[in-house]
file start34.cif (mmCIF, C-alpha atoms and all ligand atoms)
data_upload
#
loop_
_atom_site.label_atom_id
_atom_site.label_comp_id
_atom_site.auth_asym_id
_atom_site.auth_seq_id
_atom_site.Cartn_x
_atom_site.Cartn_y
_atom_site.Cartn_z
CA MET A 1 0.00 0.00 0.00
CA THR A 2 1.38 3.46 -0.82
CA PRO A 3 1.11 5.98 2.04
CA ARG A 4 -0.39 9.34 1.15
CA ALA A 5 2.04 12.26 1.58
CA GLY A 6 1.79 14.02 4.94
CA ARG A 7 -0.38 11.37 6.55
CA VAL A 8 0.38 8.59 8.96
CA ARG A 9 -0.70 5.45 7.21
CA LYS A 10 -3.53 3.69 8.95
CA PRO A 11 -3.82 -0.11 8.69
CA GLY A 12 -5.60 -1.04 5.47
CA VAL A 13 -8.63 -3.25 6.05
CA ALA A 14 -10.45 -5.17 3.32
CA PHE A 15 -13.61 -7.27 3.15
CA PHE A 16 -14.11 -10.11 0.69
CA ASP A 17 -17.07 -12.40 0.14
CA PHE A 18 -17.47 -15.85 -1.33
CA THR A 19 -20.53 -18.15 -1.19
CA CYS A 20 -22.77 -16.64 1.48
CA CYS A 21 -25.66 -14.29 2.14
CA GLU A 22 -23.32 -11.36 2.95
CA GLY A 23 -25.12 -10.83 6.26
CA CYS A 24 -21.90 -10.94 8.26
CA GLN A 25 -20.39 -8.04 6.29
CA LEU A 26 -23.49 -6.02 7.02
CA ASP A 27 -23.33 -6.93 10.70
CA ALA A 28 -19.67 -5.92 10.84
CA LEU A 29 -20.93 -2.37 10.33
CA ASN A 30 -23.96 -2.81 12.57
CA LEU A 31 -22.17 -0.84 15.27
CA THR A 32 -23.13 2.34 17.06
CA GLU A 33 -22.26 5.60 15.31
CA ASP A 34 -19.49 6.21 17.88
CA GLN A 35 -18.03 2.74 17.29
CA ILE A 36 -18.02 3.25 13.51
CA MET A 37 -16.31 6.64 13.85
CA ASP A 38 -13.72 5.08 16.19
CA LEU A 39 -13.14 2.32 13.64
CA LEU A 40 -12.71 4.76 10.76
CA ARG A 41 -10.29 6.88 12.79
CA ALA A 42 -8.17 3.79 13.46
CA VAL A 43 -8.17 2.02 10.08
CA GLU A 44 -8.62 2.74 6.40
CA ILE A 45 -11.14 0.55 4.62
CA VAL A 46 -9.31 -0.03 1.35
CA GLU A 47 -11.59 -2.61 -0.26
CA PHE A 48 -15.22 -3.43 0.56
CA ARG A 49 -17.50 -4.17 -2.37
CA GLU A 50 -20.70 -3.46 -0.45
CA VAL A 51 -19.53 -0.02 0.62
CA LYS A 52 -17.12 1.44 -1.92
CA THR A 53 -15.60 1.03 -5.36
CA GLY A 54 -11.92 0.42 -6.01
CA GLY A 55 -9.40 -1.88 -4.47
CA CYS A 56 -5.85 -2.20 -3.25
CA GLU A 57 -2.77 -4.31 -3.91
CA SER A 58 -2.13 -5.43 -0.35
CA TYR A 59 -3.96 -5.48 2.95
CA ASP A 60 -3.07 -5.37 6.63
CA ILE A 61 -6.25 -7.14 7.70
CA SER A 62 -8.56 -9.07 5.36
CA PHE A 63 -11.96 -10.22 6.54
CA VAL A 64 -13.14 -13.13 4.42
CA GLU A 65 -16.81 -14.06 4.43
CA GLY A 66 -18.37 -17.08 2.76
CA SER A 67 -17.38 -20.63 1.94
CA ILE A 68 -15.51 -22.02 -1.04
CA ALA A 69 -17.68 -23.78 -3.60
CA ARG A 70 -15.71 -23.44 -6.87
CA GLU A 71 -12.07 -23.93 -7.87
CA GLU A 72 -11.89 -20.33 -9.11
CA ASP A 73 -12.98 -19.22 -5.62
CA ALA A 74 -10.13 -21.24 -4.13
CA ASP A 75 -7.65 -19.51 -6.50
CA ARG A 76 -9.01 -16.08 -5.59
CA LEU A 77 -8.81 -16.92 -1.88
CA ARG A 78 -5.16 -18.00 -2.21
CA ASP A 79 -4.41 -14.69 -3.94
CA ILE A 80 -6.07 -12.75 -1.09
CA ARG A 81 -3.98 -14.73 1.39
CA GLU A 82 -0.76 -13.86 -0.45
CA ARG A 83 -1.60 -10.17 -0.37
CA SER A 84 -2.77 -10.03 3.27
CA LYS A 85 -0.77 -9.81 6.48
CA THR A 86 -3.69 -11.10 8.55
CA VAL A 87 -6.71 -13.10 7.36
CA ILE A 88 -9.80 -13.42 9.52
CA ALA A 89 -12.68 -15.79 8.76
CA LEU A 90 -15.86 -13.73 9.14
CA GLY A 91 -18.89 -15.78 10.12
CA ALA A 92 -19.95 -19.39 10.02
CA CYS A 93 -19.80 -19.79 6.21
CA ALA A 94 -16.08 -18.97 6.21
CA HIS A 95 -15.36 -20.57 9.58
CA ILE A 96 -17.13 -23.94 9.34
CA GLY A 97 -18.74 -23.90 5.91
CA GLY A 98 -22.06 -22.80 7.37
CA VAL A 99 -25.39 -23.46 5.73
CA ASN A 100 -23.68 -23.90 2.35
CA CYS A 101 -22.36 -27.27 3.50
CA LEU A 102 -25.89 -28.65 3.34
CA ARG A 103 -24.98 -29.11 -0.33
CA ASN A 104 -22.39 -31.69 0.80
CA LEU A 105 -25.20 -34.02 1.82
CA VAL A 106 -25.95 -34.81 -1.83
CA PRO A 107 -23.62 -35.46 -4.79
CA ALA A 108 -22.48 -32.23 -6.46
CA ASP A 109 -24.01 -33.32 -9.80
CA ALA A 110 -27.40 -33.86 -8.15
CA ALA A 111 -27.24 -30.43 -6.49
CA LEU A 112 -26.40 -28.76 -9.80
CA GLN A 113 -29.24 -30.60 -11.55
CA GLU A 114 -31.73 -29.63 -8.83
CA VAL A 115 -30.84 -25.94 -8.97
CA TYR A 116 -30.00 -25.37 -12.63
CA GLY A 117 -31.83 -28.17 -14.44
CA ASP A 118 -30.88 -28.29 -18.12
CA ALA A 119 -28.26 -25.58 -17.56
CA ALA A 120 -26.38 -27.67 -14.96
CA GLY A 121 -23.56 -28.34 -17.43
CA ASP A 122 -22.78 -24.62 -17.58
CA TYR A 123 -21.48 -24.65 -14.01
CA ASP A 124 -18.36 -26.13 -12.49
CA ILE A 125 -18.36 -26.63 -8.72
CA LEU A 126 -16.16 -28.42 -6.21
CA ASP A 127 -17.36 -31.83 -5.05
CA THR A 128 -17.72 -30.43 -1.53
CA VAL A 129 -18.20 -26.94 -0.14
CA LEU A 130 -15.26 -25.93 2.07
CA PRO A 131 -14.59 -23.57 4.96
CA ILE A 132 -11.76 -21.20 4.08
CA ASP A 133 -9.20 -22.88 6.34
CA ALA A 134 -9.43 -25.93 4.10
CA VAL A 135 -7.77 -23.80 1.39
CA ILE A 136 -5.54 -21.26 3.18
CA ASP A 137 -4.04 -20.58 6.60
CA VAL A 138 -6.43 -18.44 8.66
CA ASP A 139 -5.12 -16.28 11.48
CA TYR A 140 -8.31 -15.66 13.46
CA VAL A 141 -12.00 -16.41 13.38
CA ILE A 142 -15.06 -14.33 14.18
CA PRO A 143 -17.72 -17.03 14.44
CA GLY A 144 -21.50 -16.97 14.20
CA CYS A 145 -24.36 -16.78 11.72
CA PRO A 146 -24.37 -13.86 11.66
CA ILE A 147 -21.37 -12.57 13.58
CA ASN A 148 -21.73 -10.56 16.77
CA PRO A 149 -20.81 -6.91 15.89
CA GLU A 150 -19.37 -6.38 19.37
CA GLU A 151 -17.05 -9.34 18.86
CA PHE A 152 -16.01 -7.87 15.50
CA ALA A 153 -15.21 -4.49 17.09
CA ARG A 154 -13.29 -6.18 19.92
CA THR A 155 -11.26 -8.27 17.48
CA VAL A 156 -10.25 -5.21 15.45
CA ALA A 157 -9.36 -3.30 18.63
CA ASP A 158 -7.23 -6.22 19.89
CA LEU A 159 -5.34 -6.42 16.61
CA LEU A 160 -4.69 -2.69 16.54
CA LEU A 161 -3.41 -2.84 20.14
CA GLY A 162 -1.13 -5.74 19.26
CA LYS A 163 -3.14 -8.15 21.40
CA GLU A 164 -4.10 -11.67 20.42
CA PRO A 165 -7.87 -11.77 19.74
CA ARG A 166 -9.40 -14.48 21.90
CA LEU A 167 -12.71 -16.25 21.65
CA PRO A 168 -14.65 -17.50 24.68
CA ARG A 169 -13.53 -21.01 25.59
CA HIS A 170 -16.70 -21.98 27.44
CA PRO A 171 -19.87 -23.42 25.84
CA VAL A 172 -23.14 -21.60 25.12
CA CYS A 173 -24.70 -23.33 28.16
CA VAL A 174 -22.74 -21.00 30.48
CA GLU A 175 -24.23 -17.88 28.89
CA CYS A 176 -27.61 -19.58 28.70
CA LYS A 177 -27.60 -20.13 32.47
CA MET A 178 -26.43 -16.55 33.03
CA ALA A 179 -29.38 -15.36 30.93
CA GLY A 180 -31.71 -17.25 33.28
CA ASN A 181 -33.12 -19.52 30.59
CA LEU A 182 -34.87 -22.79 31.35
CA CYS A 183 -32.86 -25.49 29.59
CA VAL A 184 -34.75 -26.79 26.57
CA PHE A 185 -33.96 -30.36 27.64
CA GLU A 186 -36.32 -29.68 30.59
CA LYS A 187 -39.00 -29.05 27.98
CA GLY A 188 -38.33 -32.24 26.06
CA GLN A 189 -36.35 -30.49 23.32
CA THR A 190 -32.73 -30.86 22.23
CA CYS A 191 -29.81 -28.47 21.81
CA VAL A 192 -26.09 -28.43 20.94
CA GLY A 193 -25.26 -25.61 23.38
CA PRO A 194 -23.07 -27.93 25.52
CA ILE A 195 -20.51 -28.31 22.70
CA THR A 196 -20.89 -24.92 20.98
CA ARG A 197 -18.58 -21.97 21.62
CA ALA A 198 -20.13 -19.15 23.61
CA GLY A 199 -20.09 -15.46 22.71
CA CYS A 200 -23.65 -14.94 21.49
CA LYS A 201 -25.23 -14.71 24.96
CA ALA A 202 -27.31 -17.78 24.03
CA ILE A 203 -29.52 -15.50 21.98
CA CYS A 204 -31.46 -18.30 20.27
CA VAL A 205 -32.47 -19.99 23.54
CA THR A 206 -33.40 -16.64 25.07
CA ALA A 207 -35.60 -16.07 22.01
CA GLY A 208 -37.42 -19.36 22.63
CA ARG A 209 -35.48 -21.68 20.32
CA HIS A 210 -32.45 -23.88 20.92
CA CYS A 211 -28.78 -23.61 19.96
CA TRP A 212 -28.04 -24.82 16.43
CA GLY A 213 -24.26 -24.60 16.83
CA CYS A 214 -23.58 -21.70 14.47
CA ARG A 215 -20.47 -20.60 16.39
CA GLY A 216 -18.77 -23.96 15.92
CA LEU A 217 -17.41 -26.35 18.47
CA VAL A 218 -15.66 -25.40 21.68
CA ASP A 219 -12.05 -26.54 21.99
CA ASP A 220 -12.01 -30.22 22.93
CA PRO A 221 -15.78 -30.74 22.88
CA ASN A 222 -17.05 -33.80 24.69
CA ILE A 223 -18.87 -35.18 21.64
CA ASP A 224 -19.56 -38.54 23.27
CA ALA A 225 -21.26 -36.87 26.25
CA GLN A 226 -23.34 -34.70 23.92
CA ARG A 227 -24.30 -37.78 21.94
CA GLU A 228 -25.35 -39.53 25.15
CA ILE A 229 -27.45 -36.53 26.24
CA LEU A 230 -29.22 -36.51 22.90
CA ASP A 231 -29.62 -40.28 22.98
CA ASP A 232 -31.17 -39.95 26.43
CA ALA A 233 -33.63 -37.50 24.91
CA GLY A 234 -34.84 -40.36 22.75
CA LEU A 235 -33.20 -39.49 19.44
CA THR A 236 -31.24 -41.87 17.23
CA VAL A 237 -27.89 -40.78 15.83
CA GLU A 238 -29.56 -40.30 12.42
CA GLN A 239 -32.19 -38.05 13.96
CA ILE A 240 -29.49 -36.08 15.76
CA LEU A 241 -27.57 -35.51 12.55
CA GLU A 242 -30.76 -34.59 10.72
CA GLU A 243 -31.73 -32.14 13.48
CA PHE A 244 -28.40 -30.35 13.67
CA ARG A 245 -26.96 -30.73 10.19
CA ILE A 246 -27.47 -27.06 9.33
CA TYR A 247 -24.06 -26.12 10.78
CA PHE A 248 -22.51 -29.57 11.08
CA SER A 249 -22.37 -30.79 7.49
CA CYS A 250 -18.89 -29.86 6.34
CA GLY A 251 -17.24 -32.86 7.94
CA LYS A 252 -14.88 -30.93 10.19
CA GLU A 253 -17.67 -30.19 12.66
CA ALA A 254 -19.60 -33.46 12.24
CA LEU A 255 -21.13 -34.84 15.41
S1 LIG B 1 -22.55 -16.95 8.36
FE1 LIG B 1 -24.78 -16.72 8.15
S2 LIG B 1 -25.14 -14.49 8.15
FE2 LIG B 1 -22.93 -14.83 7.74
S3 LIG B 1 -22.77 -14.85 5.52
FE3 LIG B 1 -23.03 -16.99 6.17
S4 LIG B 1 -25.25 -17.37 6.04
FE4 LIG B 1 -24.95 -15.15 6.01
S1 LIG B 2 -30.94 -24.78 26.47
FE1 LIG B 2 -29.13 -25.51 25.34
S2 LIG B 2 -27.60 -23.89 25.71
FE2 LIG B 2 -29.18 -23.64 27.26
S3 LIG B 2 -28.47 -24.82 29.03
FE3 LIG B 2 -29.80 -26.17 27.84
S4 LIG B 2 -28.40 -27.29 26.50
FE4 LIG B 2 -27.29 -25.51 27.24
S1 LIG B 3 -27.41 -19.86 20.49
FE1 LIG B 3 -26.25 -21.29 19.18
S2 LIG B 3 -27.19 -21.08 17.15
FE2 LIG B 3 -27.83 -19.29 18.37
S3 LIG B 3 -26.34 -17.67 17.93
FE3 LIG B 3 -25.60 -18.78 19.75
S4 LIG B 3 -24.22 -20.36 18.92
FE4 LIG B 3 -25.49 -19.63 17.22
#

call {"tool": "encode", "arguments": {"input": "start34.cif", "output": "structure tokens"}}
result
Amino acid sequence: MTPRAGRVRKPGVAFFDFTCCEGCQLDALNLTEDQIMDLLRAVEIVEFREVKTGGCESYDISFVEGSIAREEDADRLRDIRERSKTVIALGACAHIGGVNCLRNLVPADAALQEVYGDAAGDYDILDTVLPIDAVIDVDYVIPGCPINPEEFARTVADLLLGKEPRLPRHPVCVECKMAGNLCVFEKGQTCVGPITRAGCKAICVTAGRHCWGCRGLVDDPNIDAQREILDDAGLTVEQILEEFRIYFSCGKEAL
């Protein structure tokens, strides 16, 4: 990046998207006005298709949203990696493949035929949808579907202060208890909160649902214990996988 004369160069931040709904990029800016002004005072957004035109040759911090579904996407991602000092996976699609990995449950040809019919031959896709760390080295992750804007702001602040961004190590259940929720197992329902990384304040349970696992697994999850809990709830393994496959279909996060 070329510094402008007379100005201290601020870190150049870029946003890139692959296969996704782009909701995490929008939520990255879903901050208070004061937080956005603080962010813009601290960094220069040098590339962000949803916000501005133009681009840059190199980046201090690249936020990458979306999963990798085509070989050309993998090539583009590798190029972004080469030109970035720090790469951060933004949201579940980039982190664990997200909802896009539901496509991995059927053969790629069948998925193409279902979506494009007679035009299926016009498209070339990878056999499986991939999270970005299956293609490149990723420095940090901001998990969730969508991300938590506060966690985004904290991650940027940590990086600018030279601190290592850290994710919560405890499971969603801890925040769920702190929120005063009645556990859904007490209501005869099921949940993957015990093995899912906290940081969302158990928002789905508080809203009357259960945890789907969008923030990915905690470090060293006790999968066998979770499986036993779900088995005790009267579900077969097949039913468990069917129930929670929305964020657990890319293989890496499979129950
Ligand atoms: S993680 Fe969820 S909100 Fe973010 S881009 Fe993917 S589908 Fe959209
Ligand atoms: S509802 Fe889910 S997240 Fe909350 S305590 Fe029960 S298992 Fe844990
Ligand atoms: S409760 Fe579970 S599914 Fe909901 S936001 Fe938190 S981690 Fe994601």

call {"tool": "residues_near_ligand", "arguments": {"input": "start34.cif", "ligand": "ligand LIG 1 (chain B)", "cutoff": "12 Å", "atoms": "only C-alpha atoms and all ligand atoms", "output": "PyMOL selection string"}}
result
chain A and resi 16-28+63-68+89-102+131+141-149+213-216+246-247

call {"tool": "residues_near_ligand", "arguments": {"input": "start34.cif", "ligand": "ligand LIG 3 (chain B)", "cutoff": "7 Å", "atoms": "all atoms listed in the file", "output": "ChimeraX atom specification"}}
result
/A:144-145,172,193,196-198,200-205,210-215

call {"tool": "closest_residue", "arguments": {"input": "start34.cif", "among": "A:Ala225, A:Cys250, A:Val192, A:Ala108", "to": "ligand LIG 2 (chain B)", "atoms": "all atoms listed in the file"}}
result
A:Val192

call {"tool": "atom_distance", "arguments": {"input": "start34.cif", "atom1": "atom CA of Asp133 of chain A", "atom2": "atom CA of Arg83 of chain A"}}
result
16.3 Å

call {"tool": "residues_around", "arguments": {"input": "start34.cif", "residues": "Leu230 of chain A", "least_positions_apart": "2", "cutoff": "10 Å", "atoms": "all atoms listed in the file", "output": "list in words"}}
result
Phe185, Gln189, Thr190, Cys191, Val192, Asp224, Ala225, Gln226, Arg227, Glu228, Asp232, Ala233, Gly234, Leu235, Thr236, Val237, Gln239 and Ile240 of chain A

call {"tool": "closest_residue", "arguments": {"input": "start34.cif", "among": "A:Arg209, A:Pro221, A:Cys176, A:Lys187", "to": "ligand LIG 2 (chain B)", "atoms": "only C-alpha atoms and all ligand atoms"}}
result
A:Cys176

call {"tool": "residues_around", "arguments": {"input": "start34.cif", "residues": "Gly55 of chain A", "least_positions_apart": "2", "cutoff": "7 Å", "atoms": "all atoms listed in the file", "output": "ChimeraX atom specification"}}
result
/A:46-47,53

call {"tool": "closest_residue", "arguments": {"input": "start34.cif", "among": "A:Gly208, A:Gly188, A:Gly12, A:Pro194", "to": "ligand LIG 2 (chain B)", "atoms": "only C-alpha atoms and all ligand atoms"}}
result
A:Pro194

call {"tool": "atom_distance", "arguments": {"input": "start34.cif", "atom1": "atom CA of Ala14 of chain A", "atom2": "atom CA of Ile88 of chain A"}}
result
10.3 Å

call {"tool": "atom_distance", "arguments": {"input": "start34.cif", "atom1": "atom CA of Thr32 of chain A", "atom2": "atom CA of Asp158 of chain A"}}
result
18.3 Å

call {"tool": "axis_aligned_box", "arguments": {"input": "start34.cif", "around": "segment 135-152 of chain A", "padding_each_side": "4 Å", "output": "JSON"}}
result
{"center_x": -14.2, "center_y": -15.1, "center_z": 10.4, "size_x": 28.3, "size_y": 25.4, "size_z": 26.0}

call {"tool": "closest_residue", "arguments": {"input": "start34.cif", "among": "A:Arg169, A:Lys163, A:Arg76, A:Lys85", "to": "Val138 of chain A", "atoms": "all atoms listed in the file"}}
result
A:Lys85

call {"tool": "closest_residue", "arguments": {"input": "start34.cif", "among": "A:Leu126, A:Gly199, A:Glu82, A:Glu33", "to": "Phe152 of chain A", "atoms": "only C-alpha atoms"}}
result
A:Gly199

call {"tool": "closest_residue", "arguments": {"input": "start34.cif", "among": "A:Thr86, A:Asn222, A:Asn181, A:Asn104", "to": "ligand LIG 2 (chain B)", "atoms": "all atoms listed in the file"}}
result
A:Asn181

call {"tool": "build_atoms", "arguments": {"input": "start34.cif", "residues": "segment 213-229 of chain A", "atoms": "N, CA and C atoms", "output": "PDB file, in the frame of the given file"}}
result
ATOM      1  N   GLY A 213     -25.701 -24.385  16.979  1.00  0.00           N
ATOM      2  CA  GLY A 213     -24.260 -24.600  16.830  1.00  0.00           C
ATOM      3  C   GLY A 213     -23.575 -23.704  15.822  1.00  0.00           C
ATOM      4  N   CYS A 214     -24.140 -22.519  15.562  1.00  0.00           N
ATOM      5  CA  CYS A 214     -23.580 -21.700  14.470  1.00  0.00           C
ATOM      6  C   CYS A 214     -22.188 -21.160  14.781  1.00  0.00           C
ATOM      7  N   ARG A 215     -21.793 -21.131  16.061  1.00  0.00           N
ATOM      8  CA  ARG A 215     -20.470 -20.600  16.390  1.00  0.00           C
ATOM      9  C   ARG A 215     -19.388 -21.677  16.379  1.00  0.00           C
ATOM     10  N   GLY A 216     -19.755 -22.890  15.998  1.00  0.00           N
ATOM     11  CA  GLY A 216     -18.770 -23.960  15.920  1.00  0.00           C
ATOM     12  C   GLY A 216     -18.489 -24.567  17.276  1.00  0.00           C
ATOM     13  N   LEU A 217     -17.680 -25.591  17.254  1.00  0.00           N
ATOM     14  CA  LEU A 217     -17.410 -26.350  18.470  1.00  0.00           C
ATOM     15  C   LEU A 217     -16.470 -25.619  19.416  1.00  0.00           C
ATOM     16  N   VAL A 218     -16.672 -25.838  20.718  1.00  0.00           N
ATOM     17  CA  VAL A 218     -15.660 -25.400  21.680  1.00  0.00           C
ATOM     18  C   VAL A 218     -14.393 -26.210  21.453  1.00  0.00           C
ATOM     19  N   ASP A 219     -13.277 -25.737  22.033  1.00  0.00           N
ATOM     20  CA  ASP A 219     -12.050 -26.540  21.990  1.00  0.00           C
ATOM     21  C   ASP A 219     -12.321 -27.830  22.770  1.00  0.00           C
ATOM     22  N   ASP A 220     -11.865 -28.927  22.265  1.00  0.00           N
ATOM     23  CA  ASP A 220     -12.010 -30.220  22.930  1.00  0.00           C
ATOM     24  C   ASP A 220     -13.447 -30.512  23.384  1.00  0.00           C
ATOM     25  N   PRO A 221     -14.396 -30.457  22.479  1.00  0.00           N
ATOM     26  CA  PRO A 221     -15.780 -30.740  22.880  1.00  0.00           C
ATOM     27  C   PRO A 221     -15.949 -32.205  23.274  1.00  0.00           C
ATOM     28  N   ASN A 222     -16.785 -32.424  24.265  1.00  0.00           N
ATOM     29  CA  ASN A 222     -17.050 -33.800  24.690  1.00  0.00           C
ATOM     30  C   ASN A 222     -18.215 -34.337  23.829  1.00  0.00           C
ATOM     31  N   ILE A 223     -17.855 -34.744  22.612  1.00  0.00           N
ATOM     32  CA  ILE A 223     -18.870 -35.180  21.640  1.00  0.00           C
ATOM     33  C   ILE A 223     -19.631 -36.394  22.154  1.00  0.00           C
ATOM     34  N   ASP A 224     -18.888 -37.323  22.796  1.00  0.00           N
ATOM     35  CA  ASP A 224     -19.560 -38.540  23.270  1.00  0.00           C
ATOM     36  C   ASP A 224     -20.629 -38.207  24.308  1.00  0.00           C
ATOM     37  N   ALA A 225     -20.278 -37.252  25.226  1.00  0.00           N
ATOM     38  CA  ALA A 225     -21.260 -36.870  26.250  1.00  0.00           C
ATOM     39  C   ALA A 225     -22.475 -36.220  25.607  1.00  0.00           C
ATOM     40  N   GLN A 226     -22.219 -35.352  24.607  1.00  0.00           N
ATOM     41  CA  GLN A 226     -23.340 -34.700  23.920  1.00  0.00           C
ATOM     42  C   GLN A 226     -24.216 -35.753  23.240  1.00  0.00           C
ATOM     43  N   ARG A 227     -23.551 -36.724  22.635  1.00  0.00           N
ATOM     44  CA  ARG A 227     -24.300 -37.780  21.940  1.00  0.00           C
ATOM     45  C   ARG A 227     -25.168 -38.555  22.933  1.00  0.00           C
ATOM     46  N   GLU A 228     -24.584 -38.809  24.121  1.00  0.00           N
ATOM     47  CA  GLU A 228     -25.350 -39.530  25.150  1.00  0.00           C
ATOM     48  C   GLU A 228     -26.560 -38.721  25.618  1.00  0.00           C
ATOM     49  N   ILE A 229     -26.342 -37.397  25.795  1.00  0.00           N
ATOM     50  CA  ILE A 229     -27.450 -36.530  26.240  1.00  0.00           C
ATOM     51  C   ILE A 229     -28.583 -36.590  25.218  1.00  0.00           C
TER      52      ILE A 229
END
